[in-house]
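One structure below.
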Protein chains: 2
Amino acid sequence: MKRIGFIGLGTMGAPMASNLLRAGFPVTVYNRTAAKCEPLASEGAATASTPRAAAEGQDTLITMISNDVSIREVFYGEDGVLAALRPGMIVIDSSTISPGLVKEIAAAVEEKGACFLDAPVTGSKPAAVEGTLVFMVGGSADAIEQSRDLFDTMGRLLLHMGDNGSGAAAKLAHNAMVGIHNVALAEGFSIAVQSGVPADKFLELVKNGSAGSKQAELKGRKIIDGDFSNQFSLGLMLKDLKLASALSDAGGVPTPALELAKSLFQAGYNGGFGEDDLSSVVKVYEAWLGRRIGE
Amino acid sequence: MKRIGFIGLGTMGAPMASNLLRAGFPVTVYNRTAAKCEPLASEGAATASTPRAAAEGQDTLITMISNDVSIREVFYGEDGVLAALRPGMIVIDSSTISPGLVKEIAAAVEEKGACFLDAPVTGSKPAAVEGTLVFMVGGSADAIEQSRDLFDTMGRLLLHMGDNGSGAAAKLAHNAMVGIHNVALAEGFSIAVQSGVPADKFLELVKNGSAGSKQAELKGRKIIDGDFSNQFSLGLMLKDLKLASALSDAGGVPTPALELAKSLFQAGYNGGFGEDDLSSVVKVYEAWLGRRIGE
């Protein structure tokens, strides 16, 4: 069976690696904070003490890392994975990083005779746990087909977007919409409650009306209840909005709503909500109104 | 059986009146452009030559009119309906007008001993035809219960939002979200296609991902196909966004995304798309990009 190296055991990476183990793949894990390897080790994973060691001798290496700086370190650092790559190996990066960095790393990986796929995901922690993630993938169709068993284990749908970088770009465009939808929900709630419409009645209207959104379904009730337990953090969304904004700038795409959402998420981050769920952008509005949406 | 007066036979009003006729209610219709009465007359409606005549002797009067100016004329004008109201009568206004005007008209209606419900709808032309509208209603619970048979004939769900004006306010908060969601979709498409991601693959991602929205479902494919046939016009949405903005201003609610959407819809209107479907706000972005999303 295919040998897998897995680097990055955060909120998303840990359950993804766990699903691969459960499907019978031999998995070697690495995480910067080594303690996060322990639950996986107890499920049968081998552990590595460097990114290079996690990649050494594997058929496929999967990386799931939270930002551009960390992913540079994992690939290019001392004991980074580039040194361990060999011809025929496939590298799947499910992080959300900039399309520019994707292209740079893809070139470095190919220089080693290995193949790179940028394969970010949508669906937060529950989807990672259930193996129902949606992958958007940039890179060769051949490498995708060879990796189909792994994608099928971790997700429910794979969309091949084009060449390297297109998976990352699709993810950023997608998350720009998620950010804007959370702002829309916050404004809808704000107008409604300030006009005397009960928040729960308004949410029922949104869910049944043409203003419905996946975000309203996932977050609406929680906003009313003041439950901002982290499914996908505001800080990570802010990072994605900044990457999307940089991508728009590079491509000459005017995106005023994205720019606005980015500023509002920045305000939320500065307000101390970076570790809370991304829906806590509503707290920026609550501060403006001097009231809670659910009260 | 209850006698119904119905004023305003536009895109929404005509099929609503038609459904009442089909359910067996005797309906008298009035429309400013009299020719629009003809299809209803051929289905068995009586016709009236003034708003007053349409209201005279009815148990319930329903109005479905496109803006504040017209509705003022219908109620307060020479041969307006106020003169025809009598105690016990119920007036249901399904127009989307400002909550301030709602309260003003409600007071005038109550002075005649009649009862007023602001009952705007969500769901565009198809829902009006199928009788599956969602009504958000402000006014007395008693009048709502007395009118349940009519609401059930025209819609699938009724949400009682509170006192007079709360139905109108809920509608404006809802439509603010619809407007913002169309902007979000336009920006998502813009970023994606400019990054080389095919529009149809991006739409599939959005529908399957956490960026999903009712608007993406309804409009996404049409945007790619360049089909802007009118379900709900950009001009009417612009009107609603202006009303929502005025409501926010009155309530002291900061709504930067709504303000942005309003400006973009205004740009679309000025660009000549006022009579096209509201999704044609994407044409503002297409002009910025110098390319069509679907090409």
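Note on naming: chains are A, B, ... as they come in the structure tokens, residues start from 1 per chain, ligands start from 1 in the order shown.
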Exercise. If we count only C-alpha atoms, what is near region 241-252 of chain B at a cut-off of 9 Å, once residues fewer than 4 positions away on the same chain are taken out, given as a PyMOL selection string?
Worked result: (chain A and resi 190-191+194-195+289) or (chain B and resi 96-100+169+171-173+175-176+179+236-237+258-259+261-262+265)
For this session: Using only C-alpha atoms, select each residue of chain B with any atom at most 6 Å away from an atom of chain A, and give the selection as number ranges by chain.
Result: B: 122, 161, 166, 170, 173, 177-178, 184, 187-188, 191-192, 197, 209-214, 255
Selected residues written out with all heavy atoms, as a compact mmCIF listing (two decimals), in the first residue's frame:
```
# COMPACT_ATOMS: atom_id res chain seq x y z
N THR B 122 -40.80 37.38 -0.21
CA THR B 122 -39.58 36.99 -0.89
C THR B 122 -39.89 35.79 -1.76
O THR B 122 -40.84 35.04 -1.51
CB THR B 122 -38.40 36.70 0.07
OG1 THR B 122 -37.31 36.13 -0.67
CG2 THR B 122 -38.80 35.75 1.16
N MET B 161 -43.49 39.25 12.09
CA MET B 161 -42.26 39.90 12.57
C MET B 161 -42.50 40.85 13.74
O MET B 161 -41.56 41.20 14.44
CB MET B 161 -41.62 40.68 11.41
CG MET B 161 -41.12 39.80 10.28
SD MET B 161 -39.86 38.64 10.89
CE MET B 161 -39.39 37.79 9.36
N SER B 166 -42.51 46.26 10.79
CA SER B 166 -41.49 45.23 10.99
C SER B 166 -41.42 44.26 9.80
O SER B 166 -40.35 43.71 9.51
CB SER B 166 -41.71 44.46 12.29
OG SER B 166 -42.92 43.74 12.23
N ALA B 170 -37.94 43.86 7.84
CA ALA B 170 -37.34 42.54 7.62
C ALA B 170 -37.04 42.34 6.14
O ALA B 170 -35.99 41.80 5.77
CB ALA B 170 -38.29 41.44 8.13
N ALA B 173 -33.89 44.34 5.20
CA ALA B 173 -32.68 43.69 5.72
C ALA B 173 -32.36 42.45 4.87
O ALA B 173 -31.21 42.18 4.54
CB ALA B 173 -32.85 43.31 7.18
N MET B 177 -29.09 41.71 2.06
CA MET B 177 -28.26 40.51 1.93
C MET B 177 -28.26 39.98 0.50
O MET B 177 -27.22 39.56 -0.02
CB MET B 177 -28.75 39.43 2.90
CG MET B 177 -28.44 39.74 4.36
SD MET B 177 -28.97 38.41 5.49
CE MET B 177 -27.83 37.10 5.02
N VAL B 178 -29.43 39.97 -0.15
CA VAL B 178 -29.51 39.49 -1.54
C VAL B 178 -28.60 40.32 -2.45
O VAL B 178 -27.85 39.79 -3.27
CB VAL B 178 -30.95 39.53 -2.06
CG1 VAL B 178 -31.00 39.20 -3.56
CG2 VAL B 178 -31.83 38.56 -1.28
N ALA B 184 -20.98 39.57 -4.05
CA ALA B 184 -20.00 38.53 -3.67
C ALA B 184 -19.79 37.55 -4.82
O ALA B 184 -18.66 37.16 -5.13
CB ALA B 184 -20.48 37.78 -2.42
N GLU B 187 -17.74 39.09 -7.57
CA GLU B 187 -16.31 39.18 -7.23
C GLU B 187 -15.65 37.81 -7.24
O GLU B 187 -14.50 37.66 -7.69
CB GLU B 187 -16.12 39.87 -5.86
CG GLU B 187 -16.54 41.33 -5.94
CD GLU B 187 -15.92 42.22 -4.86
OE1 GLU B 187 -15.06 41.76 -4.09
OE2 GLU B 187 -16.33 43.39 -4.82
N GLY B 188 -16.35 36.81 -6.74
CA GLY B 188 -15.80 35.45 -6.77
C GLY B 188 -15.50 35.03 -8.20
O GLY B 188 -14.40 34.56 -8.52
N ILE B 191 -12.43 37.07 -9.63
CA ILE B 191 -11.11 36.60 -9.18
C ILE B 191 -10.78 35.27 -9.85
O ILE B 191 -9.67 35.05 -10.33
CB ILE B 191 -11.08 36.43 -7.64
CG1 ILE B 191 -11.39 37.75 -6.94
CG2 ILE B 191 -9.73 35.88 -7.18
CD1 ILE B 191 -11.65 37.60 -5.44
N ALA B 192 -11.77 34.37 -9.89
CA ALA B 192 -11.53 33.03 -10.43
C ALA B 192 -11.14 33.08 -11.91
O ALA B 192 -10.08 32.58 -12.29
CB ALA B 192 -12.77 32.16 -10.22
N VAL B 197 -9.19 30.10 -13.63
CA VAL B 197 -10.11 29.04 -13.20
C VAL B 197 -11.37 29.12 -14.06
O VAL B 197 -11.97 30.19 -14.16
CB VAL B 197 -10.48 29.21 -11.71
CG1 VAL B 197 -11.54 28.20 -11.29
CG2 VAL B 197 -9.24 29.10 -10.83
N GLY B 209 -19.41 24.09 -1.83
CA GLY B 209 -18.55 24.54 -0.74
C GLY B 209 -19.29 25.38 0.28
O GLY B 209 -20.53 25.45 0.27
N SER B 210 -18.55 26.04 1.14
CA SER B 210 -19.17 26.84 2.19
C SER B 210 -19.48 28.27 1.69
O SER B 210 -19.97 29.09 2.45
CB SER B 210 -18.30 26.87 3.44
OG SER B 210 -16.95 27.13 3.12
N ALA B 211 -19.19 28.54 0.41
CA ALA B 211 -19.55 29.83 -0.18
C ALA B 211 -20.90 29.78 -0.88
O ALA B 211 -21.29 30.73 -1.56
CB ALA B 211 -18.47 30.28 -1.16
N GLY B 212 -21.62 28.68 -0.71
CA GLY B 212 -22.90 28.51 -1.39
C GLY B 212 -23.92 29.55 -0.97
O GLY B 212 -23.90 30.04 0.16
N SER B 213 -24.79 29.93 -1.90
CA SER B 213 -25.89 30.84 -1.58
C SER B 213 -27.05 30.56 -2.52
O SER B 213 -26.87 29.99 -3.60
CB SER B 213 -25.46 32.31 -1.73
OG SER B 213 -25.28 32.63 -3.11
N LYS B 214 -28.21 30.96 -2.09
CA LYS B 214 -29.40 30.84 -2.92
C LYS B 214 -29.20 31.62 -4.23
O LYS B 214 -29.61 31.18 -5.30
CB LYS B 214 -30.60 31.39 -2.16
CG LYS B 214 -31.94 31.17 -2.82
CD LYS B 214 -32.44 29.75 -2.61
CE LYS B 214 -33.75 29.53 -3.37
NZ LYS B 214 -34.13 28.12 -3.37
N THR B 255 -23.66 50.17 7.93
CA THR B 255 -23.82 49.05 6.99
C THR B 255 -22.95 49.29 5.75
O THR B 255 -23.47 49.53 4.65
CB THR B 255 -25.29 48.90 6.57
OG1 THR B 255 -25.81 50.20 6.21
CG2 THR B 255 -26.15 48.30 7.65
```
For this session: Name all residues at most 12 Å from Val74 (chain B) (count only C-alpha atoms; drop same-chain ones fewer than 5 positions away) and give them as number ranges by chain.
Result: B: 6-8, 30-32, 50-55, 61-69, 79-84, 93, 95, 105
Store the residues picked out above in a file with N, CA, C and O atoms, as a compact mmCIF listing (two decimals), in the first residue's frame.
```
# COMPACT_ATOMS: atom_id res chain seq x y z
N PHE B 6 -57.74 43.95 -5.57
CA PHE B 6 -56.30 43.72 -5.78
C PHE B 6 -55.75 44.84 -6.67
O PHE B 6 -56.16 44.99 -7.82
N ILE B 7 -54.80 45.59 -6.15
CA ILE B 7 -54.26 46.74 -6.87
C ILE B 7 -52.78 46.53 -7.16
O ILE B 7 -51.98 46.32 -6.24
N GLY B 8 -52.42 46.56 -8.44
CA GLY B 8 -51.02 46.41 -8.83
C GLY B 8 -50.76 45.07 -9.47
O GLY B 8 -50.57 44.07 -8.79
N TYR B 30 -57.33 46.37 -10.14
CA TYR B 30 -57.04 47.68 -10.69
C TYR B 30 -55.55 47.75 -11.00
O TYR B 30 -54.72 47.26 -10.23
N ASN B 31 -55.23 48.35 -12.14
CA ASN B 31 -53.83 48.64 -12.46
C ASN B 31 -53.77 49.96 -13.19
O ASN B 31 -54.65 50.27 -13.99
N ARG B 32 -52.71 50.75 -12.91
CA ARG B 32 -52.60 52.06 -13.53
C ARG B 32 -52.63 51.95 -15.05
O ARG B 32 -53.34 52.67 -15.72
N THR B 50 -60.59 52.85 -10.87
CA THR B 50 -59.81 53.65 -9.90
C THR B 50 -59.44 52.76 -8.71
O THR B 50 -60.12 51.75 -8.46
N PRO B 51 -58.40 53.16 -7.97
CA PRO B 51 -58.06 52.42 -6.75
C PRO B 51 -59.26 52.38 -5.80
O PRO B 51 -59.57 51.33 -5.22
N ARG B 52 -59.94 53.50 -5.70
CA ARG B 52 -61.10 53.57 -4.81
C ARG B 52 -62.17 52.55 -5.18
O ARG B 52 -62.71 51.85 -4.32
N ALA B 53 -62.43 52.46 -6.47
CA ALA B 53 -63.44 51.51 -6.94
C ALA B 53 -63.02 50.07 -6.67
O ALA B 53 -63.86 49.19 -6.42
N ALA B 54 -61.70 49.81 -6.73
CA ALA B 54 -61.23 48.45 -6.47
C ALA B 54 -61.40 48.07 -5.01
O ALA B 54 -61.57 46.90 -4.67
N ALA B 55 -61.35 49.09 -4.14
CA ALA B 55 -61.42 48.84 -2.70
C ALA B 55 -62.87 48.81 -2.19
O ALA B 55 -63.18 48.19 -1.17
N LEU B 61 -58.39 44.23 0.93
CA LEU B 61 -57.73 44.89 -0.19
C LEU B 61 -56.26 44.51 -0.16
O LEU B 61 -55.60 44.62 0.88
N ILE B 62 -55.75 44.05 -1.30
CA ILE B 62 -54.32 43.72 -1.39
C ILE B 62 -53.67 44.68 -2.36
O ILE B 62 -54.19 44.92 -3.46
N THR B 63 -52.53 45.24 -1.96
CA THR B 63 -51.79 46.14 -2.86
C THR B 63 -50.38 45.59 -3.08
O THR B 63 -49.74 45.09 -2.16
N MET B 64 -49.95 45.70 -4.33
CA MET B 64 -48.62 45.19 -4.70
C MET B 64 -48.06 46.17 -5.72
O MET B 64 -48.27 46.03 -6.93
N ILE B 65 -47.36 47.15 -5.20
CA ILE B 65 -47.01 48.32 -6.01
C ILE B 65 -45.52 48.60 -5.85
O ILE B 65 -44.94 48.40 -4.79
N SER B 66 -44.90 49.13 -6.93
CA SER B 66 -43.44 49.07 -6.94
C SER B 66 -42.69 50.15 -6.17
O SER B 66 -41.51 49.99 -5.91
N ASN B 67 -43.31 51.22 -5.78
CA ASN B 67 -42.52 52.21 -5.02
C ASN B 67 -43.35 53.15 -4.16
O ASN B 67 -44.58 53.19 -4.25
N ASP B 68 -42.64 53.86 -3.31
CA ASP B 68 -43.29 54.75 -2.33
C ASP B 68 -44.19 55.79 -2.99
O ASP B 68 -45.28 56.10 -2.49
N VAL B 69 -43.75 56.36 -4.10
CA VAL B 69 -44.52 57.41 -4.76
C VAL B 69 -45.86 56.86 -5.27
O VAL B 69 -46.91 57.44 -5.02
N ASP B 79 -59.56 59.71 -5.72
CA ASP B 79 -60.01 58.34 -5.99
C ASP B 79 -59.05 57.30 -5.43
O ASP B 79 -58.90 56.21 -5.99
N GLY B 80 -58.36 57.65 -4.35
CA GLY B 80 -57.50 56.68 -3.67
C GLY B 80 -58.31 55.78 -2.77
O GLY B 80 -59.51 56.02 -2.53
N VAL B 81 -57.67 54.74 -2.25
CA VAL B 81 -58.42 53.73 -1.51
C VAL B 81 -58.89 54.20 -0.14
O VAL B 81 -59.89 53.68 0.38
N LEU B 82 -58.19 55.17 0.46
CA LEU B 82 -58.58 55.56 1.83
C LEU B 82 -60.06 55.90 1.91
O LEU B 82 -60.73 55.57 2.90
N ALA B 83 -60.56 56.55 0.85
CA ALA B 83 -61.97 56.98 0.84
C ALA B 83 -62.94 55.81 0.86
O ALA B 83 -64.11 55.96 1.25
N ALA B 84 -62.46 54.62 0.44
CA ALA B 84 -63.36 53.47 0.33
C ALA B 84 -63.32 52.54 1.54
O ALA B 84 -64.12 51.60 1.63
N ASP B 93 -50.67 45.11 2.40
CA ASP B 93 -49.76 45.69 1.40
C ASP B 93 -48.52 44.81 1.25
O ASP B 93 -47.72 44.68 2.18
N SER B 95 -46.25 45.32 -1.15
CA SER B 95 -45.19 46.10 -1.77
C SER B 95 -43.96 46.12 -0.86
O SER B 95 -44.07 45.86 0.34
N ILE B 105 -49.20 55.04 6.65
CA ILE B 105 -50.41 54.52 6.00
C ILE B 105 -51.23 53.68 6.98
O ILE B 105 -52.46 53.75 7.01
```
Problem set entry | DSSP strand (DSSP E or B) selection over region 36-265 of chain B, as number ranges by chain | B: 46-47, 60-63, 90-93, 115-118, 121-122, 133-138, 155-162, 213, 233
Exercise. Hey, can you check how far CA of Glu275 (chain A) sits from CA of Phe232 (chain A)?
Worked result: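 If I compute the distance from CA of Glu275 (chain A) to CA of Phe232 (chain A), I get 8.8 Å.
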For this session: Considering only C-alpha atoms, return as a ChimeraX atom specification whatever protein or nucleic-acid residues lie within 8 Å of Glu295 (chain B), sequence-local ones (same chain, fewer than 3 positions apart) excluded.
Result: /B:224,291-292
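Near Phe116 (chain B), within 8 Å and counting only C-alpha atoms, sit Ile90, Val91, Ile92, Asp93, Ala106, Val109, Glu110, Gly139 and Asn164 of chain B, not including residues fewer than 4 positions from it in the same chain.
Atom to atom, CA of Gly44 (chain A) and CA of Ala119 (chain A) stand 25.2 Å apart.
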Exercise. So which one's closest to Asp59 (chain A), A:Lys36, A:Lys103, A:Lys239, A:Lys2? Using only C-alpha atoms, please.
Worked result: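 The shortest atom-to-atom distance to Asp59 (chain A) comes from A:Lys2.
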Exercise. So which residues of region 20-174 of chain A fall under alpha helix (DSSP H) by DSSP, listed as JSON, numbers by chain?
Worked result: {"A": [20, 21, 22, 38, 39, 40, 41, 42, 51, 52, 53, 54, 55, 68, 69, 70, 71, 72, 73, 74, 75, 76, 99, 100, 101, 102, 103, 104, 105, 106, 107, 108, 109, 110, 111, 125, 126, 127, 128, 129, 130, 141, 142, 143, 144, 145, 146, 148, 149, 150, 151, 152, 153, 154, 166, 167, 168, 169, 170, 171, 172, 173, 174]}
Exercise. In Å, how far is it from CA of Pro26 (chain B) to CA of Ala41 (chain B)?
Worked result: 11.3 Å
